[in-house]
>>> print(open('start-v7.tsv').read())   # TSV, C-alpha atoms
chain	number	residue	atom	x	y	z
X	1	MET	CA	25.06	115.55	1.06
X	2	PHE	CA	25.83	118.27	-1.46
X	3	SER	CA	28.15	118.59	-4.39
X	4	ASN	CA	29.28	121.19	-6.89
X	5	THR	CA	26.49	120.28	-9.27
X	6	SER	CA	23.64	122.62	-10.09
X	7	ALA	CA	21.59	120.96	-7.36
X	8	GLY	CA	24.38	121.68	-4.94
X	9	GLU	CA	24.43	125.30	-6.02
X	10	SER	CA	20.70	125.52	-5.46
X	11	GLY	CA	21.11	123.99	-2.00
X	12	TRP	CA	23.81	126.51	-1.14
X	13	LYS	CA	21.59	129.43	-2.14
X	14	GLU	CA	18.68	128.05	-0.07
X	15	ALA	CA	20.82	127.40	3.00
X	16	PRO	CA	20.25	129.53	6.12
X	17	ARG	CA	21.96	132.89	5.92
X	18	LEU	CA	24.30	134.16	8.60
X	19	PHE	CA	22.56	136.54	11.05
X	20	ALA	CA	19.12	135.71	9.58
X	21	GLY	CA	16.40	136.65	12.09
X	22	GLU	CA	18.89	137.78	14.75
X	23	ARG	CA	18.53	141.56	14.55
X	24	SER	CA	18.15	141.95	18.32
X	25	MET	CA	21.32	139.99	19.04
X	26	VAL	CA	23.23	141.98	16.43
X	27	LEU	CA	22.11	145.22	18.11
X	28	VAL	CA	23.24	143.93	21.51
X	29	GLY	CA	26.63	142.98	20.10
X	30	LEU	CA	27.01	146.39	18.48
X	31	PHE	CA	26.01	148.01	21.79
X	32	GLY	CA	28.94	146.27	23.46
X	33	LEU	CA	31.33	147.47	20.76
X	34	LEU	CA	29.95	151.01	21.14
X	35	LEU	CA	30.55	150.92	24.90
X	36	ALA	CA	34.12	149.78	24.26
X	37	LEU	CA	34.63	152.61	21.79
X	38	LEU	CA	33.21	155.22	24.19
X	39	LEU	CA	35.57	154.05	26.94
X	40	ARG	CA	38.56	155.01	24.82
X	41	LEU	CA	37.81	158.71	25.47
X	42	PRO	CA	38.28	158.69	29.28
X	43	ILE	CA	41.27	156.38	28.83
X	44	LEU	CA	42.90	158.91	26.52
X	45	ILE	CA	42.01	161.86	28.78
X	46	SER	CA	42.87	160.57	32.25
X	47	GLY	CA	44.34	157.10	31.78
X	48	PRO	CA	42.91	153.64	32.39
X	49	VAL	CA	43.20	153.49	36.20
X	50	VAL	CA	40.25	154.53	38.36
X	51	ALA	CA	40.99	154.38	42.09
X	52	PRO	CA	40.79	152.30	44.10
X	53	GLU	CA	40.69	149.21	41.83
X	54	GLY	CA	38.96	150.12	38.57
X	55	SER	CA	40.53	149.59	35.15
X	56	LEU	CA	38.93	151.16	32.10
X	57	GLU	CA	41.30	149.14	29.93
X	58	SER	CA	39.79	145.95	31.35
X	59	ALA	CA	36.27	147.29	30.72
X	60	PHE	CA	37.25	148.22	27.17
X	61	SER	CA	38.66	144.79	26.36
X	62	PHE	CA	35.75	142.97	28.03
X	63	ASN	CA	33.06	144.94	26.18
X	64	ALA	CA	34.85	144.55	22.86
X	65	ALA	CA	35.37	140.80	23.39
X	66	LEU	CA	31.80	140.12	24.55
X	67	GLY	CA	30.41	142.28	21.74
X	68	ILE	CA	32.29	140.19	19.19
X	69	PHE	CA	31.15	137.01	20.98
X	70	VAL	CA	27.49	138.07	20.77
X	71	LEU	CA	27.85	138.96	17.09
X	72	SER	CA	29.47	135.57	16.46
X	73	PHE	CA	26.51	133.82	18.08
X	74	ALA	CA	24.09	135.92	16.05
X	75	ALA	CA	25.92	134.85	12.89
X	76	ILE	CA	25.94	131.10	13.50
X	77	LEU	CA	22.61	130.64	15.30
X	78	PRO	CA	20.57	130.38	12.05
X	79	LEU	CA	22.75	127.43	11.03
X	80	SER	CA	22.01	125.48	14.23
X	81	GLY	CA	18.70	124.08	13.02
X	82	MET	CA	16.95	125.25	16.20
X	83	SER	CA	13.25	126.04	15.91
X	84	ASP	CA	12.03	129.62	15.97
X	85	ARG	CA	10.52	128.98	19.39
X	86	GLY	CA	13.80	127.59	20.69
X	87	ARG	CA	15.72	130.58	19.37
X	88	ARG	CA	13.26	132.99	21.03
X	89	ARG	CA	13.71	131.25	24.37
X	90	LEU	CA	17.47	131.34	23.96
X	91	ARG	CA	17.42	135.08	23.22
X	92	ALA	CA	15.25	135.66	26.31
X	93	VAL	CA	18.15	134.38	28.43
X	94	PHE	CA	21.15	135.38	26.35
X	95	ILE	CA	20.31	139.02	25.65
X	96	PRO	CA	19.55	140.11	29.28
X	97	SER	CA	22.65	138.21	30.45
X	98	ALA	CA	24.85	139.96	27.90
X	99	LEU	CA	23.36	143.38	28.73
X	100	TYR	CA	23.93	142.85	32.45
X	101	ALA	CA	27.54	141.87	31.77
X	102	PHE	CA	28.12	144.97	29.62
X	103	LEU	CA	26.58	147.34	32.14
X	104	ILE	CA	28.06	145.93	35.34
X	105	GLU	CA	31.54	145.74	33.81
X	106	THR	CA	31.38	149.33	32.58
X	107	ILE	CA	29.64	150.99	35.54
X	108	GLN	CA	31.74	149.30	38.21
X	109	HIS	CA	35.05	150.07	36.57
X	110	LEU	CA	33.97	153.70	36.07
X	111	ARG	CA	33.24	153.77	39.83
X	112	GLY	CA	36.69	152.37	40.57
X	113	ILE	CA	35.36	148.96	41.62
X	114	ASN	CA	36.46	145.58	40.31
X	115	PRO	CA	33.16	144.12	39.07
X	116	ARG	CA	34.15	140.50	39.79
X	117	PHE	CA	36.69	140.27	42.60
X	118	SER	CA	36.28	143.50	44.55
X	119	GLU	CA	38.26	144.03	47.74
X	120	ALA	CA	37.43	147.72	48.12
X	121	GLY	CA	33.71	147.69	47.35
X	122	SER	CA	30.73	147.40	49.67
X	123	SER	CA	28.64	144.33	50.35
X	124	VAL	CA	26.31	145.48	47.54
X	125	ASP	CA	29.26	145.55	45.14
X	126	ARG	CA	30.21	142.04	46.19
X	127	LEU	CA	26.60	140.97	45.59
X	128	PHE	CA	26.79	142.41	42.09
X	129	GLY	CA	30.02	140.46	41.64
X	130	LEU	CA	28.29	137.27	42.71
X	131	LEU	CA	25.48	137.96	40.25
X	132	PHE	CA	28.15	138.56	37.60
X	133	GLY	CA	29.47	135.04	38.26
X	134	ILE	CA	25.97	133.56	37.98
X	135	ASP	CA	25.45	135.57	34.80
X	136	SER	CA	28.65	134.11	33.34
X	137	ILE	CA	27.43	130.60	34.09
X	138	LEU	CA	24.15	131.39	32.31
X	139	LEU	CA	26.10	132.45	29.23
X	140	ILE	CA	28.03	129.17	29.39
X	141	LEU	CA	24.80	127.18	29.55
X	142	VAL	CA	23.37	129.09	26.59
X	143	ALA	CA	26.54	128.36	24.59
X	144	ILE	CA	26.21	124.65	25.35
X	145	VAL	CA	22.55	124.69	24.26
X	146	VAL	CA	23.60	126.29	20.96
X	147	ALA	CA	26.54	123.93	20.48
X	148	VAL	CA	24.59	120.68	20.87
X	149	PRO	CA	22.54	120.93	17.63
X	150	PHE	CA	25.70	121.51	15.59
X	151	PHE	CA	26.98	118.09	16.69
X	152	ARG	CA	23.63	116.25	16.48
X	153	ARG	CA	22.07	117.47	13.24
X	154	ARG	CA	23.07	117.53	9.62
X	155	PRO	CA	23.67	121.05	8.22
X	156	GLN	CA	20.75	122.68	6.41
X	157	GLY	CA	21.58	123.48	2.82
X	158	ASP	CA	25.13	123.31	1.54
X	159	ARG	CA	26.83	124.69	4.67
X	160	THR	CA	28.63	121.53	5.70
X	161	LEU	CA	32.06	123.16	5.69
X	162	MET	CA	30.89	126.11	7.74
X	163	VAL	CA	29.33	123.80	10.33
X	164	LEU	CA	32.51	121.74	10.47
X	165	GLY	CA	34.45	124.87	11.38
X	166	ILE	CA	31.81	125.76	13.99
X	167	ARG	CA	32.17	122.34	15.62
X	168	TYR	CA	35.90	122.87	16.04
X	169	ALA	CA	35.19	126.38	17.35
X	170	PHE	CA	32.87	125.10	20.05
X	171	ALA	CA	35.50	122.61	21.23
X	172	SER	CA	37.84	125.53	21.79
X	173	THR	CA	35.08	127.61	23.36
X	174	MET	CA	34.43	124.94	25.98
X	175	LEU	CA	38.09	125.21	27.03
X	176	ALA	CA	37.63	128.98	27.31
X	177	PHE	CA	34.56	128.46	29.49
X	178	ALA	CA	36.55	126.07	31.70
X	179	ALA	CA	39.12	128.83	32.22
X	180	GLY	CA	36.30	131.21	33.12
X	181	LEU	CA	34.91	128.82	35.71
X	182	VAL	CA	38.37	128.43	37.26
X	183	MET	CA	38.63	132.24	37.49
X	184	ILE	CA	35.26	132.37	39.24
X	185	ALA	CA	36.34	129.66	41.68
X	186	LEU	CA	39.69	131.35	42.40
X	187	GLN	CA	38.20	134.85	42.41
X	188	SER	CA	41.19	135.84	40.30
X	189	ARG	CA	42.54	135.57	36.77
X	190	TYR	CA	46.03	134.68	37.99
X	191	LEU	CA	47.39	131.24	38.71
X	192	GLY	CA	50.73	130.47	40.31
X	193	ALA	CA	53.70	132.76	39.86
X	194	SER	CA	52.74	134.28	36.50
X	195	GLY	CA	49.96	132.24	34.89
X	196	ASN	CA	47.12	134.33	33.45
X	197	LEU	CA	43.90	132.45	32.74
X	198	MET	CA	42.57	135.39	30.73
X	199	VAL	CA	44.93	134.53	27.85
X	200	LEU	CA	43.47	131.02	27.64
X	201	HIS	CA	39.96	132.47	28.04
X	202	GLY	CA	40.40	134.92	25.18
X	203	LEU	CA	42.20	132.57	22.78
X	204	GLY	CA	39.53	129.93	23.24
X	205	PHE	CA	36.70	132.35	22.53
X	206	HIS	CA	38.31	133.76	19.40
X	207	ALA	CA	37.89	130.34	17.80
X	208	LEU	CA	34.28	131.40	17.15
X	209	GLN	CA	35.63	133.84	14.59
X	210	THR	CA	38.76	132.12	13.29
X	211	LEU	CA	37.48	128.58	12.65
X	212	PRO	CA	34.06	129.24	11.06
X	213	LEU	CA	35.93	131.71	8.85
X	214	LEU	CA	37.70	128.78	7.17
X	215	GLY	CA	34.38	127.14	6.35
X	216	TRP	CA	32.93	130.39	5.03
X	217	LEU	CA	35.90	130.98	2.73
X	218	LEU	CA	35.77	127.41	1.38
X	219	GLU	CA	32.01	126.94	1.00
X	220	ARG	CA	31.90	127.41	-2.75
X	221	GLU	CA	34.50	124.68	-3.15
X	222	GLY	CA	31.74	122.31	-2.04
X	223	ALA	CA	31.41	119.87	0.83
X	224	HIS	CA	33.02	117.06	-1.18
X	225	SER	CA	36.24	118.95	-1.86
X	226	PRO	CA	39.07	116.97	-0.17
X	227	GLN	CA	41.28	120.06	-0.07
X	228	ALA	CA	38.61	122.17	1.61
X	229	ARG	CA	37.88	119.60	4.30
X	230	ARG	CA	41.59	119.03	4.86
X	231	LEU	CA	42.17	122.74	5.40
X	232	ILE	CA	39.34	123.01	7.93
X	233	HIS	CA	40.53	119.93	9.84
X	234	THR	CA	44.10	121.22	9.82
X	235	GLY	CA	43.15	124.70	11.02
X	236	GLY	CA	40.68	123.40	13.61
X	237	ILE	CA	43.04	120.83	15.11
X	238	ALA	CA	45.95	123.29	15.15
X	239	TRP	CA	43.93	126.02	16.89
X	240	ASN	CA	42.51	123.67	19.52
X	241	ALA	CA	45.91	122.12	20.16
X	242	ALA	CA	47.36	125.61	20.66
X	243	VAL	CA	44.62	126.40	23.18
X	244	VAL	CA	45.39	123.17	25.07
X	245	LEU	CA	49.11	124.03	25.20
X	246	VAL	CA	48.35	127.53	26.46
X	247	GLY	CA	46.15	125.94	29.11
X	248	LEU	CA	48.89	123.54	30.20
X	249	GLN	CA	51.40	126.36	30.47
X	250	THR	CA	48.93	128.41	32.52
X	251	LEU	CA	48.11	125.50	34.82
X	252	ARG	CA	51.83	125.30	35.58
X	253	GLY	CA	51.49	128.86	36.88
X	254	LEU	CA	53.74	130.23	34.13
X	255	THR	CA	53.23	133.00	31.61
X	256	VAL	CA	52.70	132.08	27.97
X	257	PHE	CA	54.84	135.05	26.95
X	258	GLU	CA	58.16	133.32	27.40
X	259	LEU	CA	60.51	131.29	25.22
X	260	SER	CA	59.76	127.86	26.58
X	261	PRO	CA	58.59	124.69	24.78
X	262	LEU	CA	54.82	124.92	25.34
X	263	PRO	CA	54.35	128.58	24.28
X	264	VAL	CA	56.70	128.18	21.29
X	265	LEU	CA	54.82	125.09	20.11
X	266	ALA	CA	51.51	126.92	20.60
X	267	VAL	CA	52.73	129.78	18.39
X	268	LEU	CA	53.84	127.29	15.72
X	269	LEU	CA	50.38	125.70	15.78
X	270	LEU	CA	48.73	129.10	15.41
X	271	LEU	CA	50.97	129.66	12.40
X	272	VAL	CA	49.61	126.39	10.98
X	273	TRP	CA	46.10	127.81	11.38
X	274	ALA	CA	47.27	131.04	9.70
X	275	ALA	CA	48.65	129.04	6.77
X	276	ALA	CA	45.33	127.18	6.43
X	277	ALA	CA	43.50	130.52	6.55
X	278	GLY	CA	45.83	131.98	3.92
X	279	LEU	CA	45.24	129.05	1.55
X	280	SER	CA	41.49	129.26	2.19
X	281	LEU	CA	41.55	132.96	1.37
X	282	GLN	CA	43.44	132.22	-1.84
X	283	ILE	CA	40.84	129.62	-2.86
X	284	TRP	CA	38.02	132.06	-2.03
X	285	TRP	CA	39.68	134.81	-4.08
X	286	LYS	CA	40.13	132.56	-7.10
X	287	GLY	CA	36.51	131.49	-6.80
X	288	ARG	CA	35.16	135.02	-7.06
X	289	PRO	CA	34.06	136.39	-10.46
X	290	TRP	CA	37.13	138.63	-10.61
X	291	GLY	CA	39.38	135.71	-9.66
X	292	GLY	CA	38.71	133.91	-12.93
X	293	GLY	CA	38.52	130.49	-11.24
X	294	ARG	CA	36.09	127.62	-11.71
X	295	ALA	CA	33.75	128.75	-8.94
X	296	GLY	CA	33.95	132.31	-10.17
X	297	ALA	CA	32.88	131.29	-13.64
X	298	ARG	CA	30.04	129.29	-12.09
X	299	THR	CA	28.90	132.34	-10.17
X	300	GLU	CA	28.98	134.50	-13.29
X	301	ARG	CA	26.82	131.98	-15.18
X	302	ALA	CA	24.36	131.81	-12.29
X	303	SER	CA	23.99	135.56	-12.25
>>> encode(input="start-v7.tsv", output="structure tokens")
Amino acid sequence: MFSNTSAGESGWKEAPRLFAGERSMVLVGLFGLLLALLLRLPILISGPVVAPEGSLESAFSFNAALGIFVLSFAAILPLSGMSDRGRRRLRAVFIPSALYAFLIETIQHLRGINPRFSEAGSSVDRLFGLLFGIDSILLILVAIVVAVPFFRRRPQGDRTLMVLGIRYAFASTMLAFAAGLVMIALQSRYLGASGNLMVLHGLGFHALQTLPLLGWLLEREGAHSPQARRLIHTGGIAWNAAVVLVGLQTLRGLTVFELSPLPVLAVLLLLVWAAAAGLSLQIWWKGRPWGGGRAGARTERAS
């Protein structure tokens, strides 16, 4: 374990860095964000609809979301404790799968074809849609492979708080993957009268940014700080509970954008996460050299 002693500071500095050794994954993630950005031009010129069933808005949101997802994986992978060989094997599956998803989503929507659940496309388009489903399952399996070490191994260096946030994030991500598998099985994102599984899917995935963020902001407080651990537990539990409530509302076939008990409680829980994030940001700010706090003074002495 690590503390706020000088040994702890040394451990923190020697801990794996975010994105370390993951240049190729970073480039793939940025490629997805670039595709999303480029799609804004035809949307602005001629609108998002491409007959007979294409939606450039859907392609934009998918590429942006997957790009952020890939970048999130590139950030946390060095903290997993996986060997270099294991990480190379993982990239050999993850990167082609992500590239296929980017390209098929973009090209098919530009052609006016729904890349997943096409009713107007040819048999070849439906084959590509089937491959898209298999590709999605591959991405799920890769995510599980990455998640397992975070629950089985002790963090390297003084990154205990960051890893704690990542564990909560993966719990939420598994719920997002479950929603994705249901969409594949139903061949649709809609459930019941107005339930939309895509909301659950997206909220679950965004945990990979929101929950590790708490750990990153609080790292210099040290792994033994009761306040820091309490904030991460509070934010992680609140976010995951909100995802579960959104899932329950969706399974009832109802929209989450209504004033009913489950969506309202989910919003309140997300506000709890926001409060934890705000307090974490305040602690981080005070810990910087310009913040004048205890950690800030420690950093100034170290430099």
>>> residues_near_point(input="start-v7.tsv", point="(22.8, 129.8, 15.2)", cutoff="10 Å", atoms="all atoms listed in the file", output="JSON, numbers by chain")
{"X": [16, 17, 18, 19, 20, 21, 22, 72, 73, 74, 75, 76, 77, 78, 79, 80, 81, 82, 87, 146, 147, 149, 150, 166]}
>>> closest_atom_pairs(input="start-v7.tsv", of="stretch 130-216 of chain X", to="stretch 250-253 of chain X", cutoff="8 Å", atoms="all atoms listed in the file", output="JSON lines")
{"residue": "X:Leu191", "atom": "CA", "partner": "X:Gly253", "partner_atom": "CA", "distance": 5.1}
{"residue": "X:Gly192", "atom": "CA", "partner": "X:Gly253", "partner_atom": "CA", "distance": 3.9}
{"residue": "X:Ala193", "atom": "CA", "partner": "X:Gly253", "partner_atom": "CA", "distance": 5.4}
{"residue": "X:Ser194", "atom": "CA", "partner": "X:Gly253", "partner_atom": "CA", "distance": 5.6}
{"residue": "X:Gly195", "atom": "CA", "partner": "X:Gly253", "partner_atom": "CA", "distance": 4.2}
{"residue": "X:Asn196", "atom": "CA", "partner": "X:Thr250", "partner_atom": "CA", "distance": 6.3}
{"residue": "X:Leu197", "atom": "CA", "partner": "X:Thr250", "partner_atom": "CA", "distance": 6.5}
{"residue": "X:Leu200", "atom": "CA", "partner": "X:Thr250", "partner_atom": "CA", "distance": 7.8}
>>> residues_around(input="start-v7.tsv", residues="X:Met183", least_positions_apart="3", cutoff="12 Å", atoms="only C-alpha atoms", output="MDAnalysis selection string")
chainID X and resid 116:117 133 136:137 176:180 186:191 195:201 251
>>> closest_residue(input="start-v7.tsv", among="X:Val272, X:Leu164, X:Leu130, X:Ala171", to="X:Ala143", atoms="only C-alpha atoms")
X:Ala171
>>> closest_residue(input="start-v7.tsv", among="X:Ile283, X:Met162, X:Leu203, X:Val267", to="X:Ile232", atoms="all atoms listed in the file")
X:Met162
>>> closest_residue(input="start-v7.tsv", among="X:Arg40, X:His233, X:Arg167, X:Arg111", to="X:Phe60", atoms="only C-alpha atoms")
X:Arg40
>>> atom_distance(input="start-v7.tsv", atom1="atom CA of X:Ala277", atom2="atom CA of X:Leu214")
6.1 Å
>>> closest_residue(input="start-v7.tsv", among="X:Arg159, X:His206, X:Lys286, X:Arg89", to="X:Glu219", atoms="only C-alpha atoms")
X:Arg159
>>> atom_distance(input="start-v7.tsv", atom1="atom CA of X:Met174", atom2="atom CA of X:Ala207")
10.4 Å
>>> atom_distance(input="start-v7.tsv", atom1="atom CA of X:Leu181", atom2="atom CA of X:Tyr168")
20.6 Å
>>> axis_aligned_box(input="start-v7.tsv", around="stretch 142-154 of chain X", padding_each_side="8 Å", output="AutoDock Vina command-line options")
--center_x 24.5 --center_y 122.7 --center_z 18.1 --size_x 20.9 --size_y 28.8 --size_z 33.0
